[in-house]
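S.K.: Structure below; questions to follow.
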Amino acid sequence: MNRLALAAVLLATAAPLAAETHRVEPGEGAAQRLQEALILAAPGDVVELGAGRFVLTDGLSLDVDGVTLRGAGMDGDGASVLDFTGQQGAGEGLLVTSDNVTLLDFAVENPKGDGIKSKGADNIIYSGIRVTWTGGPKATNGAYGIYPVESIGVLVTNSKVSGASDAGIYVGQSRDITVRQNIVEYNVAGIEIENSRNALVTENIATRNTGGLLVFDLPGLPVMNGGNVILRQNVVADNDTPNFAPPGNIVASVRRGTGVLVMANDGVLIEENAFENNPTAHIMVVAYTQPFTDERYNPYARNVIVGFNAFGRGGDDPQLDGKEQLLAAFGGALPPVLWDGIVEKDNGLKIATGVTGWSLNLSKPGQSLAEAQPGPLMLTPLESWEFPEVGAPAALEARLK
Amino acid sequence: MKRRGLGLMALACATFGAALSHATVIEPEPVNDAAITGTAFPKALSKFVFFQDAGDQHPSAGVHPYALNTPLWSDGAEKLRFIYLPEGTQLVADGEGLLKFPVGAAIIKTFAFGEGEARRLIETRVLLHRADGWVALPYRWNAEQTEATLALAGGRLDLVTPTGETISYAIPNKNQCKGCHAKDGQVIPIGPKARNLSVKWMAQMLDGGALDRLPPGGATMPVWAGYSDKGPVEPFARAYLDVNCAHCHQPGGGASNSGLDLRWEQADPHAIGILKRPVAAGRGAGGHDFSVLPGQPDKSILLYRMDSAEPGIAMPELGKASVDKQGVAVVRRWIAEMK
């Protein structure tokens, strides 16, 4: 072995002792410069995007732990915009596969698939991120805007997503999650928490989606048993965009005008939210309806609590069969909570005093809606309840300060 | 060790002498082990000395050409595959699965388009087995075909495929290499599994001391070129899906969250997509309810995505700008004949 050569090689790649900031400006060769910066960054480094538009033909990816990707802003003239309008390859705009990554203050526009996906990326922060499909709601838009999956420790905050043909912010198969102070509009689903545990969804505005906030637990996935989800102090209003999801996807079944939809799951607390003008139902709680073979799966919605919420106008133009009869029966508008009535045992829907609703009075998952016997919700209100504290680890909040 | 090295060199001279100058006797340059095992990302492919003649892809001593029974399809590219083993080391068989490589080994794959004189080398991807794991690096060939340089961020170029389609061909970036080669976050080789290698090649390697034994379960995947639409279809379809899809679609792979597991050994019908509903397919579902609907290839998401070249719909997401018509035909027949 040539020792000198080896020494030279080692010197050439010696890691920097202190974290560095690598600045990338838009313009000629920006795609290559940016991707190289993301590859060559060392743990702890910052990759900084200049203001302006980065025109990209391929998805970007980050696979180095502890890197911060920071732009100059997500909105306005000074924003850093990753423009994927001419994207030719990859399934998303940006893919993150490393831990402890912070994404700050930039925008992603018109990705062909998902916006930003982070997979197996623990302790990730999305803050001040905008993902927009600029043509408005279209079935040809990508599925998810902000898409953390298979991760432990997720914080999504101060971000905006519009136009997603599935969910604006989708957290799947993950644990210890906070989704706070985001705006999601004109998506099929505003925010969706799927097959995930310990999620706090709070202080968000979900408007002009088909459905505002969705909490799903589905069979046949590597990570199962979703639950311990809190939806608290969100504004869920005017979710009246006709469903534009490509058929075949589970969200294609979401009725236009749904505020909150809980499907299956173990433990969901819905409290202190403001609901207004969700024409099908402010809150819908149902069992999983499709056949399944996964023995690990529980299709029932268990331990779902509807606490104190502010319910405004809603349920007055439901996308439901028998709409006219239903409206007539309930005096022109359906009460705020729609439940399918399906209980596993004594862990069915629970409500706070004063919460009204109606039930389909079905008895088993997958039962035909034709067998529904709609009637007012007849539940004994809870005096009080206990629910675990949930959310992203404190260290993530600290990293943002 | 030294002595054996000289012997190998002499052998290499004898074998590849034709490609070398007659006027002067040039000692073949050995593969640069330090470049493989070091920590740097060498800027030029020639730094490794995997080839004695780069343009002709004449391998250096210890660099063994190989082929796969069923190969990954990449826009119809011709692929020249090599395994480098440092002196005195060998591959260790592990049943039907991936051969075990010693530290210091490398896997080299060159992508070429065009035939004969018109053949152009486009890129060479290397997997280096370093002490702390595998590293994947892409190299892009120059127009003169004399050197390939590191393309960490990948790149694009327009070219014409063997079926005459003009495409924008994408050279993957370093992360995208890992995108396919990752299992549980670590980079690993994909191709050289005993089940997808020929008995003849393994016997040769065994004879040369480059493989420890002939593994049971070797060479069980069909030879793709031997497909006939009169013969059985299932082994070809399953081999195709394993080789082209399962590096992501398996537990621990890049698409594990889909729950779709297309590995050759997966026997659960739901896991391979039969009557499996989509999870995060978006418009990739194409309006269909199931990944595979038996007897209904035109209502199967899997085939719909294989048969598309549109980003956001097309599968695989990387390394594909056109549709593999033969692959689609085989998988179509498999689903059509499925009860």
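A note on labels: chains of the structure tokens are A, B, ... as shown, every chain counts residues from 1, and ligands are counted from 1 in their shown order.
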With a distance threshold of 6 Å and counting only C-alpha atoms, extract the residues of chain B near chain A and express them as a list in words.

M.R.: Ala40, Ala153, Gly259, Gly282, Arg283, Gly287, His288, Asp289, Pro311, Gly312, Glu317 and Leu318 of chain B

S.K.: With DSSP run on the backbone, what are the alpha helix (DSSP H) residues within stretch 197-278 of chain B? I'd like them as a ChimeraX atom specification.

M.R.: /B:199-207,234-245

S.K.: Ranking B:Pro192, B:Pro30, B:Gly97, B:Gly185 by minimum distance to B:Glu265 and counting only C-alpha atoms, which one comes first?

M.R.: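 Checking each candidate against B:Glu265, we get B:Gly97 as the closest.
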
S.K.: Extract, using only C-alpha atoms, all DNA, RNA and protein residues at most 8 Å from B:Gly76, discarding same-chain residues fewer than 6 positions from it, and format them as a list in words.

M.R.: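 Skipping anything fewer than 6 positions along the chain leaves Phe113, Thr161, Pro162, Thr163 and Asp324 of chain B.
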
S.K.: Give me the residues within 8 Å of stretch 192-206 of chain A as a PyMOL selection string, counting only C-alpha atoms and dropping any in the same chain fewer than 2 places off.

M.R.: chain A and resi 167-185+189-190+208-209+212-218+223-237+239+265+389-392

S.K.: Write out as a list in words which residues come within 6 Å of stretch 76-84 of chain A when counting only C-alpha atoms, dropping same-chain ones fewer than 3 positions away.

M.R.: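 Those residues are Ala51, Gly52, Arg53, Phe54, Val55, Leu56, Gly71, Ala72, Gly73, Gln87, Phe106, Ala107, Val108, Glu109, Asn110 and Pro111 of chain A.
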
S.K.: Could the residues in this selection be saved with all heavy atoms as an mmCIF file, in the first residue's frame?

M.R.:
```cif
data_model
loop_
_atom_site.group_PDB
_atom_site.id
_atom_site.type_symbol
_atom_site.label_atom_id
_atom_site.label_comp_id
_atom_site.auth_asym_id
_atom_site.auth_seq_id
_atom_site.Cartn_x
_atom_site.Cartn_y
_atom_site.Cartn_z
ATOM 1 N N ALA A 51 -32.817 32.810 -1.342
ATOM 2 C CA ALA A 51 -34.167 33.152 -1.767
ATOM 3 C C ALA A 51 -34.277 32.988 -3.273
ATOM 4 O O ALA A 51 -33.315 33.202 -4.003
ATOM 5 C CB ALA A 51 -34.493 34.585 -1.361
ATOM 6 N N GLY A 52 -35.437 32.584 -3.725
ATOM 7 C CA GLY A 52 -35.643 32.431 -5.168
ATOM 8 C C GLY A 52 -36.174 31.059 -5.493
ATOM 9 O O GLY A 52 -36.538 30.279 -4.607
ATOM 10 N N ARG A 53 -36.199 30.777 -6.779
ATOM 11 C CA ARG A 53 -36.840 29.558 -7.285
ATOM 12 C C ARG A 53 -35.787 28.577 -7.761
ATOM 13 O O ARG A 53 -34.969 28.895 -8.623
ATOM 14 C CB ARG A 53 -37.780 29.967 -8.428
ATOM 15 C CG ARG A 53 -38.750 28.914 -8.878
ATOM 16 C CD ARG A 53 -39.890 29.551 -9.675
ATOM 17 N NE ARG A 53 -40.850 30.202 -8.809
ATOM 18 C CZ ARG A 53 -41.924 29.576 -8.292
ATOM 19 N NH1 ARG A 53 -42.171 28.316 -8.582
ATOM 20 N NH2 ARG A 53 -42.742 30.222 -7.499
ATOM 21 N N PHE A 54 -35.782 27.389 -7.208
ATOM 22 C CA PHE A 54 -34.890 26.311 -7.628
ATOM 23 C C PHE A 54 -35.682 25.431 -8.586
ATOM 24 O O PHE A 54 -36.663 24.802 -8.177
ATOM 25 C CB PHE A 54 -34.425 25.492 -6.433
ATOM 26 C CG PHE A 54 -33.542 26.233 -5.472
ATOM 27 C CD1 PHE A 54 -34.076 27.192 -4.613
ATOM 28 C CD2 PHE A 54 -32.176 25.980 -5.417
ATOM 29 C CE1 PHE A 54 -33.270 27.886 -3.717
ATOM 30 C CE2 PHE A 54 -31.361 26.671 -4.528
ATOM 31 C CZ PHE A 54 -31.907 27.627 -3.679
ATOM 32 N N VAL A 55 -35.283 25.397 -9.828
ATOM 33 C CA VAL A 55 -36.014 24.623 -10.835
ATOM 34 C C VAL A 55 -35.417 23.215 -10.893
ATOM 35 O O VAL A 55 -34.235 23.050 -11.190
ATOM 36 C CB VAL A 55 -35.940 25.303 -12.209
ATOM 37 C CG1 VAL A 55 -36.656 24.475 -13.260
ATOM 38 C CG2 VAL A 55 -36.559 26.700 -12.125
ATOM 39 N N LEU A 56 -36.237 22.223 -10.579
ATOM 40 C CA LEU A 56 -35.716 20.864 -10.373
ATOM 41 C C LEU A 56 -36.410 19.874 -11.280
ATOM 42 O O LEU A 56 -37.637 19.921 -11.447
ATOM 43 C CB LEU A 56 -35.925 20.476 -8.906
ATOM 44 C CG LEU A 56 -35.194 21.404 -7.929
ATOM 45 C CD1 LEU A 56 -35.820 21.361 -6.556
ATOM 46 C CD2 LEU A 56 -33.723 21.033 -7.852
ATOM 47 N N GLY A 71 -34.428 27.350 4.442
ATOM 48 C CA GLY A 71 -34.609 28.327 3.385
ATOM 49 C C GLY A 71 -34.785 29.716 3.948
ATOM 50 O O GLY A 71 -34.672 29.939 5.155
ATOM 51 N N ALA A 72 -35.088 30.657 3.047
ATOM 52 C CA ALA A 72 -35.234 32.057 3.447
ATOM 53 C C ALA A 72 -36.683 32.388 3.790
ATOM 54 O O ALA A 72 -36.976 33.493 4.223
ATOM 55 C CB ALA A 72 -34.737 32.965 2.331
ATOM 56 N N GLY A 73 -37.560 31.432 3.601
ATOM 57 C CA GLY A 73 -38.963 31.661 3.910
ATOM 58 C C GLY A 73 -39.832 30.813 3.007
ATOM 59 O O GLY A 73 -39.365 30.301 1.995
ATOM 60 N N GLN A 87 -40.752 18.120 -12.994
ATOM 61 C CA GLN A 87 -40.115 16.914 -12.452
ATOM 62 C C GLN A 87 -40.271 15.721 -13.388
ATOM 63 O O GLN A 87 -41.347 15.468 -13.918
ATOM 64 C CB GLN A 87 -40.729 16.575 -11.083
ATOM 65 C CG GLN A 87 -39.995 15.451 -10.365
ATOM 66 C CD GLN A 87 -40.543 15.196 -8.958
ATOM 67 O OE1 GLN A 87 -41.516 15.808 -8.545
ATOM 68 N NE2 GLN A 87 -39.897 14.294 -8.238
ATOM 69 N N PHE A 106 -39.020 26.819 3.839
ATOM 70 C CA PHE A 106 -38.959 26.812 2.385
ATOM 71 C C PHE A 106 -40.247 26.218 1.830
ATOM 72 O O PHE A 106 -41.085 25.730 2.595
ATOM 73 C CB PHE A 106 -37.712 26.075 1.859
ATOM 74 C CG PHE A 106 -37.630 24.622 2.214
ATOM 75 C CD1 PHE A 106 -38.196 23.651 1.396
ATOM 76 C CD2 PHE A 106 -36.962 24.209 3.363
ATOM 77 C CE1 PHE A 106 -38.112 22.297 1.717
ATOM 78 C CE2 PHE A 106 -36.874 22.863 3.691
ATOM 79 C CZ PHE A 106 -37.441 21.905 2.867
ATOM 80 N N ALA A 107 -40.385 26.309 0.524
ATOM 81 C CA ALA A 107 -41.607 25.820 -0.114
ATOM 82 C C ALA A 107 -41.278 24.771 -1.163
ATOM 83 O O ALA A 107 -40.190 24.760 -1.743
ATOM 84 C CB ALA A 107 -42.358 26.982 -0.772
ATOM 85 N N VAL A 108 -42.227 23.884 -1.381
ATOM 86 C CA VAL A 108 -42.146 22.877 -2.441
ATOM 87 C C VAL A 108 -43.401 23.055 -3.305
ATOM 88 O O VAL A 108 -44.510 23.075 -2.780
ATOM 89 C CB VAL A 108 -42.108 21.456 -1.838
ATOM 90 C CG1 VAL A 108 -42.308 20.402 -2.916
ATOM 91 C CG2 VAL A 108 -40.805 21.221 -1.090
ATOM 92 N N GLU A 109 -43.189 23.212 -4.598
ATOM 93 C CA GLU A 109 -44.339 23.400 -5.475
ATOM 94 C C GLU A 109 -44.420 22.319 -6.558
ATOM 95 O O GLU A 109 -43.414 21.953 -7.156
ATOM 96 C CB GLU A 109 -44.285 24.785 -6.148
ATOM 97 C CG GLU A 109 -44.508 25.915 -5.154
ATOM 98 C CD GLU A 109 -44.619 27.286 -5.814
ATOM 99 O OE1 GLU A 109 -44.505 27.378 -7.060
ATOM 100 O OE2 GLU A 109 -44.823 28.261 -5.068
ATOM 101 N N ASN A 110 -45.632 21.834 -6.755
ATOM 102 C CA ASN A 110 -45.997 20.945 -7.866
ATOM 103 C C ASN A 110 -45.146 19.688 -8.024
ATOM 104 O O ASN A 110 -44.781 19.314 -9.145
ATOM 105 C CB ASN A 110 -45.993 21.727 -9.182
ATOM 106 C CG ASN A 110 -46.979 22.876 -9.151
ATOM 107 O OD1 ASN A 110 -48.038 22.749 -8.548
ATOM 108 N ND2 ASN A 110 -46.626 23.977 -9.758
ATOM 109 N N PRO A 111 -44.820 19.004 -6.927
ATOM 110 C CA PRO A 111 -44.137 17.722 -7.102
ATOM 111 C C PRO A 111 -45.067 16.735 -7.808
ATOM 112 O O PRO A 111 -46.284 16.806 -7.639
ATOM 113 C CB PRO A 111 -43.844 17.277 -5.672
ATOM 114 C CG PRO A 111 -44.886 17.968 -4.842
ATOM 115 C CD PRO A 111 -45.158 19.284 -5.533
#
```

S.K.: What gap, in Å, lies between atom CA of B:Pro278 and atom CA of B:Ser291?

M.R.: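 These two atoms are separated by 6.6 Å.
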
S.K.: Choose the residue, out of B:Lys339, B:Lys193, B:Arg277, B:His181, that has the smallest atom-to-atom separation from B:His249; count only C-alpha atoms.

M.R.: B:His181

S.K.: Expressed in Å to a single decimal, how great is the separation between atom CA of A:Gln367 and atom CA of A:Leu338?

M.R.: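 So the two atoms, atom CA of A:Gln367 and atom CA of A:Leu338, lie 16.1 Å apart.
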
S.K.: Run DSSP on the backbone of this structure and report the residues of stretch 10-249 of chain B it assigns to strand (DSSP E or B), as JSON, numbers by chain.

M.R.: {"B": [44, 51, 52, 53, 58, 59, 63, 64, 65, 66, 78, 79, 80, 81, 82, 83, 84, 91, 92, 98, 100, 106, 107, 108, 109, 110, 111, 112, 113, 120, 121, 122, 123, 124, 125, 126, 127, 128, 129, 130, 133, 134, 135, 136, 137, 138, 139, 140, 141, 148, 149, 150, 155, 156, 157, 158, 159, 160, 166, 167, 168, 169, 170, 171, 182, 183, 186, 187, 193, 211]}

S.K.: Excluding B:Arg332 and its own-chain neighbours fewer than 6 positions away, which residues fall within 9 Å of it when counting only C-alpha atoms? Please give them as a list in words.

M.R.: Ala237, Gln296, Pro297, Asp298 and Leu303 of chain B

S.K.: Pick out the residues sitting within 9 Å of A:Thr241, and hand them over as a list in words; count only C-alpha atoms, and ignore anything fewer than 3 positions along from it in its own chain.

M.R.: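 What passes the distance filter is Pro137, Tyr186, Asn187, Val188, Arg208, Asn209, Thr210, Gly211, Asp238, Phe244, Arg256 and Gly257 of chain A.
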
S.K.: What does the distance between atom CA of A:Pro299 and atom CA of A:Pro365 come to in Å, to one decimal place?

M.R.: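 Rounded to one decimal, the two atoms are 6.8 Å apart.
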